[in-house]
$ cat target04.cif   # mmCIF, C-alpha atoms and all ligand atoms
data_protein
#
loop_
_atom_site.label_atom_id
_atom_site.label_comp_id
_atom_site.auth_asym_id
_atom_site.auth_seq_id
_atom_site.Cartn_x
_atom_site.Cartn_y
_atom_site.Cartn_z
CA MET A 1 -18.71 2.05 25.20
CA GLN A 2 -15.37 1.08 26.73
CA HIS A 3 -13.82 -2.19 25.64
CA ASP A 4 -11.29 -4.11 27.65
CA LEU A 5 -8.55 -5.06 25.19
CA LEU A 6 -8.02 -8.35 26.99
CA SER A 7 -11.66 -9.34 27.06
CA PRO A 8 -12.98 -11.68 24.38
CA GLN A 9 -15.49 -8.96 23.40
CA ALA A 10 -12.76 -6.52 22.37
CA PRO A 11 -13.68 -5.54 18.82
CA GLU A 12 -11.29 -6.59 16.09
CA MET A 13 -12.24 -3.59 14.02
CA GLU A 14 -13.41 -0.17 15.12
CA LYS A 15 -15.20 2.27 12.81
CA ILE A 16 -13.64 5.70 13.38
CA ALA A 17 -15.46 7.74 10.73
CA ASP A 18 -17.04 7.25 7.32
CA GLY A 19 -14.61 5.01 5.43
CA VAL A 20 -12.11 4.88 8.30
CA PHE A 21 -11.59 1.61 10.16
CA LEU A 22 -9.00 0.78 12.80
CA PHE A 23 -7.61 -2.63 13.74
CA ARG A 24 -5.62 -2.22 16.97
CA SER A 25 -2.35 -4.22 17.35
CA ASN A 26 -3.37 -6.26 14.36
CA VAL A 27 -0.18 -7.14 12.53
CA ASP A 28 2.96 -9.06 13.43
CA GLU A 29 5.33 -6.12 13.85
CA LYS A 30 8.45 -8.24 13.34
CA GLN A 31 7.12 -9.70 10.11
CA PHE A 32 6.41 -6.24 8.72
CA MET A 33 9.74 -4.88 9.99
CA GLU A 34 11.56 -7.71 8.19
CA GLN A 35 9.82 -6.71 4.97
CA VAL A 36 10.82 -3.06 5.52
CA ASN A 37 14.43 -4.09 6.18
CA LYS A 38 14.53 -6.02 2.90
CA VAL A 39 13.28 -2.96 1.05
CA ILE A 40 15.71 -0.46 2.60
CA ASP A 41 18.56 -2.90 1.93
CA GLU A 42 17.79 -2.36 -1.77
CA ILE A 43 16.51 1.20 -1.79
CA PRO A 44 17.19 3.19 1.41
CA PHE A 45 14.94 5.84 2.95
CA ARG A 46 15.50 9.13 1.21
CA HIS A 47 14.33 12.71 1.66
CA MET A 48 12.60 13.58 -1.58
CA ILE A 49 12.08 17.10 -2.89
CA THR A 50 8.69 18.72 -3.53
CA PRO A 51 7.99 20.15 -7.00
CA GLY A 52 8.51 23.55 -5.33
CA GLY A 53 12.03 22.54 -4.27
CA LYS A 54 11.50 21.90 -0.54
CA LYS A 55 13.03 18.92 1.25
CA ILE A 56 10.40 16.46 2.54
CA ASN A 57 11.22 15.89 6.22
CA VAL A 58 9.67 12.44 6.31
CA ALA A 59 12.07 10.02 4.58
CA GLY A 60 10.51 7.56 2.15
CA THR A 61 10.99 4.52 -0.04
CA SER A 62 8.63 2.10 -1.80
CA MET A 63 7.85 -1.47 -2.69
CA GLY A 64 5.45 -2.91 -5.25
CA LYS A 65 4.95 -2.54 -9.00
CA CYS A 66 5.30 1.21 -8.69
CA GLY A 67 6.44 3.69 -6.06
CA TRP A 68 5.29 7.18 -5.12
CA TYR A 69 7.91 9.72 -6.02
CA SER A 70 8.47 13.45 -5.85
CA ASP A 71 11.07 15.79 -7.26
CA ARG A 72 11.18 19.03 -9.30
CA ARG A 73 9.23 17.24 -12.03
CA GLY A 74 6.20 16.65 -9.81
CA TYR A 75 4.36 14.09 -7.67
CA ARG A 76 3.81 10.76 -9.42
CA TYR A 77 4.17 6.98 -9.36
CA GLU A 78 7.36 5.60 -10.89
CA MET A 79 7.86 2.01 -12.08
CA SER A 80 11.45 2.01 -10.76
CA ASP A 81 13.58 4.18 -8.48
CA PRO A 82 14.70 7.17 -10.56
CA ILE A 83 17.97 7.48 -8.58
CA SER A 84 19.27 3.88 -8.44
CA LYS A 85 17.29 2.81 -11.55
CA LYS A 86 16.37 -0.37 -9.63
CA PRO A 87 12.82 -1.74 -9.73
CA TRP A 88 11.02 -1.32 -6.40
CA PRO A 89 11.29 -4.48 -4.24
CA GLU A 90 8.24 -6.75 -4.32
CA ILE A 91 5.46 -6.79 -1.73
CA SER A 92 5.63 -10.39 -0.43
CA SER A 93 2.55 -12.50 -1.11
CA THR A 94 2.11 -13.11 2.64
CA ILE A 95 1.93 -9.39 3.38
CA SER A 96 -0.19 -8.71 0.33
CA LYS A 97 -2.76 -11.25 1.56
CA ILE A 98 -2.86 -9.73 5.08
CA ILE A 99 -3.67 -6.34 3.53
CA THR A 100 -6.29 -7.72 1.14
CA ASP A 101 -8.01 -9.61 3.98
CA ALA A 102 -8.09 -6.57 6.27
CA ALA A 103 -9.55 -4.38 3.51
CA ALA A 104 -12.25 -7.00 2.87
CA LYS A 105 -13.27 -6.94 6.56
CA ALA A 106 -13.91 -3.22 6.19
CA GLY A 107 -16.03 -3.87 3.09
CA PHE A 108 -13.39 -3.15 0.43
CA ASN A 109 -13.40 -6.39 -1.53
CA ASN A 110 -10.64 -7.49 -3.91
CA PHE A 111 -8.25 -4.75 -2.83
CA ILE A 112 -4.85 -5.63 -4.26
CA ALA A 113 -2.05 -3.21 -3.45
CA ASP A 114 0.31 -2.55 -6.35
CA SER A 115 2.32 -0.03 -4.34
CA CYS A 116 3.37 0.57 -0.77
CA PHE A 117 4.95 3.83 0.28
CA ILE A 118 7.10 3.48 3.38
CA ASN A 119 7.62 6.55 5.55
CA CYS A 120 10.24 7.00 8.26
CA TYR A 121 9.80 9.69 10.92
CA SER A 122 12.59 10.92 13.19
CA PRO A 123 11.91 12.77 16.46
CA GLY A 124 10.31 16.18 15.81
CA VAL A 125 9.23 15.34 12.26
CA ARG A 126 5.60 15.78 11.24
CA LEU A 127 3.63 15.14 8.06
CA THR A 128 1.73 18.20 6.90
CA ALA A 129 -1.94 17.95 5.96
CA HIS A 130 -2.43 16.49 2.50
CA ILE A 131 -4.75 14.41 0.32
CA ASP A 132 -3.30 11.42 -1.52
CA GLN A 133 -4.44 12.07 -5.05
CA ASP A 134 -1.88 10.55 -7.38
CA GLU A 135 -3.73 7.21 -7.51
CA ARG A 136 -6.02 6.51 -10.46
CA ASP A 137 -9.06 5.12 -8.66
CA PHE A 138 -10.31 6.97 -5.58
CA THR A 139 -12.85 4.23 -4.84
CA GLN A 140 -9.87 2.10 -3.73
CA PRO A 141 -8.86 2.47 -0.07
CA ILE A 142 -5.39 3.02 1.36
CA VAL A 143 -4.31 0.60 4.08
CA SER A 144 -1.83 1.90 6.65
CA VAL A 145 0.36 -0.10 9.03
CA SER A 146 2.37 1.60 11.77
CA LEU A 147 5.60 0.34 13.36
CA GLY A 148 7.75 1.59 16.23
CA VAL A 149 7.22 4.88 18.03
CA SER A 150 3.55 5.94 18.38
CA ALA A 151 2.19 9.04 16.67
CA ILE A 152 -1.04 10.99 16.34
CA PHE A 153 -2.72 10.66 12.96
CA GLN A 154 -4.99 13.63 12.29
CA ILE A 155 -8.01 13.71 10.01
CA PHE A 156 -9.15 17.19 9.00
CA GLY A 157 -12.05 17.98 6.69
CA LYS A 158 -12.29 18.95 3.05
CA THR A 159 -9.94 21.83 3.86
CA ARG A 160 -6.56 21.84 5.58
CA GLY A 161 -7.52 23.78 8.69
CA GLY A 162 -10.02 23.43 11.49
CA LYS A 163 -10.45 20.92 14.22
CA ALA A 164 -8.91 17.51 13.61
CA LEU A 165 -10.00 14.05 14.60
CA ASN A 166 -6.92 12.72 16.43
CA ILE A 167 -6.16 9.02 16.19
CA PRO A 168 -3.17 7.71 18.15
CA LEU A 169 -1.44 5.02 16.08
CA HIS A 170 0.76 2.47 17.86
CA SER A 171 3.11 -0.20 16.59
CA GLY A 172 1.12 -2.97 14.91
CA ASP A 173 -2.02 -0.90 14.30
CA LEU A 174 -3.67 -1.20 10.90
CA LEU A 175 -5.87 1.62 9.59
CA ILE A 176 -8.12 1.55 6.55
CA PHE A 177 -8.77 4.85 4.85
CA GLY A 178 -11.37 4.57 2.12
CA GLY A 179 -14.69 5.80 0.77
CA SER A 180 -15.37 9.49 1.33
CA ALA A 181 -12.34 9.75 3.65
CA ARG A 182 -10.10 9.43 0.59
CA ARG A 183 -10.93 13.09 -0.12
CA LEU A 184 -10.15 14.39 3.38
CA TYR A 185 -7.01 16.19 4.45
CA HIS A 186 -4.94 14.24 6.96
CA GLY A 187 -1.49 14.42 8.52
CA VAL A 188 0.70 13.24 11.38
CA LYS A 189 1.66 15.32 14.44
CA LYS A 190 5.29 15.96 15.32
CA LEU A 191 6.93 12.71 16.45
CA GLU A 192 7.82 12.60 20.14
CA ASN A 193 11.41 12.00 21.14
CA THR A 194 11.10 8.52 22.59
CA VAL A 195 12.20 4.98 21.77
CA HIS A 196 10.60 1.70 20.76
CA PRO A 197 12.36 -1.71 20.83
CA LEU A 198 11.55 -2.36 17.15
CA THR A 199 12.73 0.91 15.59
CA GLY A 200 14.72 2.94 18.14
CA ASP A 201 13.60 6.57 18.00
CA LYS A 202 11.84 6.19 14.63
CA ARG A 203 8.29 5.67 13.48
CA ILE A 204 7.72 3.72 10.31
CA ASN A 205 4.44 3.77 8.41
CA LEU A 206 3.50 1.67 5.42
CA THR A 207 0.65 2.80 3.17
CA PHE A 208 -0.58 0.14 0.77
CA ARG A 209 -2.29 1.55 -2.30
CA LYS A 210 -3.73 0.59 -5.62
CA ALA A 211 -2.09 3.29 -7.65
CA LEU A 212 -2.38 2.05 -11.24
C1 LIG A 301 1.40 8.13 8.27
N1 LIG A 301 -0.26 8.27 6.55
O1 LIG A 301 0.64 7.52 8.99
C2 LIG A 301 0.93 8.82 7.04
N2 LIG A 301 -2.54 8.53 3.85
O2 LIG A 301 2.59 8.22 8.52
C3 LIG A 301 -0.93 8.83 5.52
O3 LIG A 301 -0.60 9.89 5.01
C4 LIG A 301 -2.10 8.12 5.02
O4 LIG A 301 -2.28 6.65 6.87
C5 LIG A 301 -3.61 7.96 3.31
C6 LIG A 301 -4.27 6.95 3.92
C7 LIG A 301 -3.82 6.48 5.12
C8 LIG A 301 -2.73 7.08 5.70
FE FE A 302 -1.68 10.29 3.22
#

$ encode --input "target04.cif" --output "structure tokens"
Amino acid sequence: MQHDLLSPQAPEMEKIADGVFLFRSNVDEKQFMEQVNKVIDEIPFRHMITPGGKKINVAGTSMGKCGWYSDRRGYRYEMSDPISKKPWPEISSTISKIITDAAAKAGFNNFIADSCFINCYSPGVRLTAHIDQDERDFTQPIVSVSLGVSAIFQIFGKTRGGKALNIPLHSGDLLIFGGSARRLYHGVKKLENTVHPLTGDKRINLTFRKAL
């Protein structure tokens, strides 16, 4: 069924697949961008290194009690930034509540993010297929918020290859990735070379997790 976005019947939440729920233009982009700017003021976006020694093309930073980190020593969550030694900036209570409320609407009650990984994509950069598996409890969802330039989020199956489910994500979209989807490979297609008033030629994505 087609829904007119402007009609009062437009669904707030769309079920995309098992465990995957999409809220179109759901968040206040400026509010989230302000939070991102506070974080990168403290701990800027950085290209981390995989355990195998490759540069990660998507630049990242974190906020919350702990932050996802990668270098020669492996993939893990760190309680502070290993480079600057600073603690990760806090997730504001306002933003934390928005994320908890959205997760509850998708049936994930009492989701409290203790970590948010923030990705920054430049034109031509893609995120290769992966499964997020450094969190302790896989029954907890991951909540994603996209800002700036649009991109195509791809959900594969239990293996990396094959046909993907393509989900275009635009600025302000909120996606919940939980249940059985937590074990599916997913990635982001190469970012188009275009501009958005909020971020210039970049795409920013925040993934809120319960890591500990
Ligand atoms: C991105 N997102 O949208 C990357 N992972 O830039 C992810 O890798 C992701 O959106 C787990 C759950 C939701 C996600
Ligand atoms: Fe992921």

$ atom_distance --input "target04.cif" --atom1 "atom CA of Arg72 of chain A" --atom2 "atom CA of Cys116 of chain A"
21.8 Å

$ residues_near_ligand --input "target04.cif" --ligand "ligand FE 302 (chain A)" --cutoff "8 Å" --atoms "only C-alpha atoms and all ligand atoms" --output "PyMOL selection string"
chain A and resi 130-132+186-187+207

$ residues_near_ligand --input "target04.cif" --ligand "ligand LIG 301 (chain A)" --cutoff "7 Å" --atoms "only C-alpha atoms and all ligand atoms" --output "count of residues only"
16

$ closest_atom_pairs --input "target04.cif" --of "segment 131-163 of chain A" --to "segment 25-45 of chain A" --cutoff "9 Å" --atoms "only C-alpha atoms" --output "Markdown table"
| residue | atom | partner | partner_atom | distance |
| --- | --- | --- | --- | --- |
| A:Val145 | CA | A:Val27 | CA | 7.9 |
| A:Ser146 | CA | A:Glu29 | CA | 8.5 |
| A:Leu147 | CA | A:Glu29 | CA | 6.5 |
| A:Gly148 | CA | A:Glu29 | CA | 8.4 |

$ residues_around --input "target04.cif" --residues "segment 133-135 of chain A" --least-positions-apart "2" --cutoff "10 Å" --atoms "all atoms listed in the file" --output "compact mmCIF listing (two decimals) with C-alpha atoms, in the frame of the given file"
# COMPACT_ATOMS: atom_id res chain seq x y z
CA TRP A 68 5.29 7.18 -5.12
CA TYR A 69 7.91 9.72 -6.02
CA TYR A 75 4.36 14.09 -7.67
CA ARG A 76 3.81 10.76 -9.42
CA TYR A 77 4.17 6.98 -9.36
CA SER A 115 2.32 -0.03 -4.34
CA HIS A 130 -2.43 16.49 2.50
CA ILE A 131 -4.75 14.41 0.32
CA ASP A 137 -9.06 5.12 -8.66
CA PHE A 138 -10.31 6.97 -5.58
CA THR A 139 -12.85 4.23 -4.84
CA GLN A 140 -9.87 2.10 -3.73
CA ILE A 142 -5.39 3.02 1.36
CA ARG A 182 -10.10 9.43 0.59
CA ARG A 183 -10.93 13.09 -0.12
CA ARG A 209 -2.29 1.55 -2.30
CA LYS A 210 -3.73 0.59 -5.62
CA ALA A 211 -2.09 3.29 -7.65
CA LEU A 212 -2.38 2.05 -11.24

$ closest_residue --input "target04.cif" --among "A:Pro11, A:Ile152, A:Ser96, A:Lys190" --to "Leu165 of chain A" --atoms "all atoms listed in the file"
A:Ile152

$ atom_distance --input "target04.cif" --atom1 "atom CA of Met48 of chain A" --atom2 "atom CA of Ser92 of chain A"
25.0 Å

$ build_atoms --input "target04.cif" --residues "segment 155-188 of chain A" --atoms "N, CA and C atoms" --output "mmCIF file, keeping the file's coordinate frame"
data_model
loop_
_atom_site.group_PDB
_atom_site.id
_atom_site.type_symbol
_atom_site.label_atom_id
_atom_site.label_comp_id
_atom_site.auth_asym_id
_atom_site.auth_seq_id
_atom_site.Cartn_x
_atom_site.Cartn_y
_atom_site.Cartn_z
ATOM 1 N N ILE A 155 -7.130 13.589 11.167
ATOM 2 C CA ILE A 155 -8.010 13.710 10.010
ATOM 3 C C ILE A 155 -8.708 15.061 10.090
ATOM 4 N N PHE A 156 -8.487 15.886 9.080
ATOM 5 C CA PHE A 156 -9.150 17.190 9.000
ATOM 6 C C PHE A 156 -10.379 17.015 8.107
ATOM 7 N N GLY A 157 -10.876 18.090 7.557
ATOM 8 C CA GLY A 157 -12.050 17.980 6.690
ATOM 9 C C GLY A 157 -11.661 18.111 5.232
ATOM 10 N N LYS A 158 -12.560 18.755 4.481
ATOM 11 C CA LYS A 158 -12.290 18.950 3.050
ATOM 12 C C LYS A 158 -11.288 20.080 2.838
ATOM 13 N N THR A 159 -10.985 20.807 3.926
ATOM 14 C CA THR A 159 -9.940 21.830 3.860
ATOM 15 C C THR A 159 -8.871 21.476 4.892
ATOM 16 N N ARG A 160 -7.722 22.142 4.759
ATOM 17 C CA ARG A 160 -6.560 21.840 5.580
ATOM 18 C C ARG A 160 -6.730 22.186 7.071
ATOM 19 N N GLY A 161 -7.471 23.252 7.318
ATOM 20 C CA GLY A 161 -7.520 23.780 8.690
ATOM 21 C C GLY A 161 -8.615 23.153 9.537
ATOM 22 N N GLY A 162 -8.922 23.842 10.625
ATOM 23 C CA GLY A 162 -10.020 23.430 11.490
ATOM 24 C C GLY A 162 -9.633 22.354 12.476
ATOM 25 N N LYS A 163 -10.659 21.890 13.167
ATOM 26 C CA LYS A 163 -10.450 20.920 14.220
ATOM 27 C C LYS A 163 -10.196 19.543 13.606
ATOM 28 N N ALA A 164 -9.228 18.830 14.162
ATOM 29 C CA ALA A 164 -8.910 17.510 13.610
ATOM 30 C C ALA A 164 -9.464 16.411 14.496
ATOM 31 N N LEU A 165 -9.718 15.283 13.873
ATOM 32 C CA LEU A 165 -10.000 14.050 14.600
ATOM 33 C C LEU A 165 -8.637 13.418 14.835
ATOM 34 N N ASN A 166 -8.255 13.249 16.105
ATOM 35 C CA ASN A 166 -6.920 12.720 16.430
ATOM 36 C C ASN A 166 -6.983 11.231 16.720
ATOM 37 N N ILE A 167 -6.195 10.474 15.986
ATOM 38 C CA ILE A 167 -6.160 9.020 16.190
ATOM 39 C C ILE A 167 -4.743 8.598 16.549
ATOM 40 N N PRO A 168 -4.510 8.181 17.804
ATOM 41 C CA PRO A 168 -3.170 7.710 18.150
ATOM 42 C C PRO A 168 -2.916 6.373 17.444
ATOM 43 N N LEU A 169 -1.795 6.274 16.750
ATOM 44 C CA LEU A 169 -1.440 5.020 16.080
ATOM 45 C C LEU A 169 -0.202 4.429 16.733
ATOM 46 N N HIS A 170 -0.327 3.177 17.169
ATOM 47 C CA HIS A 170 0.760 2.470 17.860
ATOM 48 C C HIS A 170 1.317 1.379 16.958
ATOM 49 N N SER A 171 2.463 0.844 17.376
ATOM 50 C CA SER A 171 3.110 -0.200 16.590
ATOM 51 C C SER A 171 2.176 -1.397 16.413
ATOM 52 N N GLY A 172 1.984 -1.830 15.186
ATOM 53 C CA GLY A 172 1.120 -2.970 14.910
ATOM 54 C C GLY A 172 -0.302 -2.600 14.537
ATOM 55 N N ASP A 173 -0.662 -1.322 14.672
ATOM 56 C CA ASP A 173 -2.020 -0.900 14.300
ATOM 57 C C ASP A 173 -2.167 -0.861 12.783
ATOM 58 N N LEU A 174 -3.354 -1.239 12.330
ATOM 59 C CA LEU A 174 -3.670 -1.200 10.900
ATOM 60 C C LEU A 174 -4.898 -0.307 10.711
ATOM 61 N N LEU A 175 -4.795 0.653 9.825
ATOM 62 C CA LEU A 175 -5.870 1.620 9.590
ATOM 63 C C LEU A 175 -6.293 1.553 8.122
ATOM 64 N N ILE A 176 -7.608 1.529 7.917
ATOM 65 C CA ILE A 176 -8.120 1.550 6.550
ATOM 66 C C ILE A 176 -8.733 2.919 6.288
ATOM 67 N N PHE A 177 -8.358 3.504 5.200
ATOM 68 C CA PHE A 177 -8.770 4.850 4.850
ATOM 69 C C PHE A 177 -9.396 4.779 3.463
ATOM 70 N N GLY A 178 -10.725 4.739 3.421
ATOM 71 C CA GLY A 178 -11.370 4.570 2.120
ATOM 72 C C GLY A 178 -12.649 5.377 2.016
ATOM 73 N N GLY A 179 -13.411 5.116 0.976
ATOM 74 C CA GLY A 179 -14.690 5.800 0.770
ATOM 75 C C GLY A 179 -14.505 7.306 0.724
ATOM 76 N N SER A 180 -15.414 8.026 1.398
ATOM 77 C CA SER A 180 -15.370 9.490 1.330
ATOM 78 C C SER A 180 -14.133 10.057 2.036
ATOM 79 N N ALA A 181 -13.546 9.281 2.938
ATOM 80 C CA ALA A 181 -12.340 9.750 3.650
ATOM 81 C C ALA A 181 -11.157 9.958 2.706
ATOM 82 N N ARG A 182 -11.186 9.276 1.574
ATOM 83 C CA ARG A 182 -10.100 9.430 0.590
ATOM 84 C C ARG A 182 -9.919 10.872 0.138
ATOM 85 N N ARG A 183 -10.992 11.690 0.317
ATOM 86 C CA ARG A 183 -10.930 13.090 -0.120
ATOM 87 C C ARG A 183 -10.718 14.046 1.047
ATOM 88 N N LEU A 184 -10.350 13.524 2.208
ATOM 89 C CA LEU A 184 -10.150 14.390 3.380
ATOM 90 C C LEU A 184 -8.667 14.645 3.631
ATOM 91 N N TYR A 185 -8.381 15.867 4.056
ATOM 92 C CA TYR A 185 -7.010 16.190 4.450
ATOM 93 C C TYR A 185 -6.655 15.407 5.708
ATOM 94 N N HIS A 186 -5.419 14.960 5.782
ATOM 95 C CA HIS A 186 -4.940 14.240 6.960
ATOM 96 C C HIS A 186 -3.436 14.466 7.085
ATOM 97 N N GLY A 187 -2.921 14.239 8.286
ATOM 98 C CA GLY A 187 -1.490 14.420 8.520
ATOM 99 C C GLY A 187 -1.073 13.700 9.785
ATOM 100 N N VAL A 188 0.183 13.882 10.165
ATOM 101 C CA VAL A 188 0.700 13.240 11.380
ATOM 102 C C VAL A 188 1.398 14.308 12.213
#
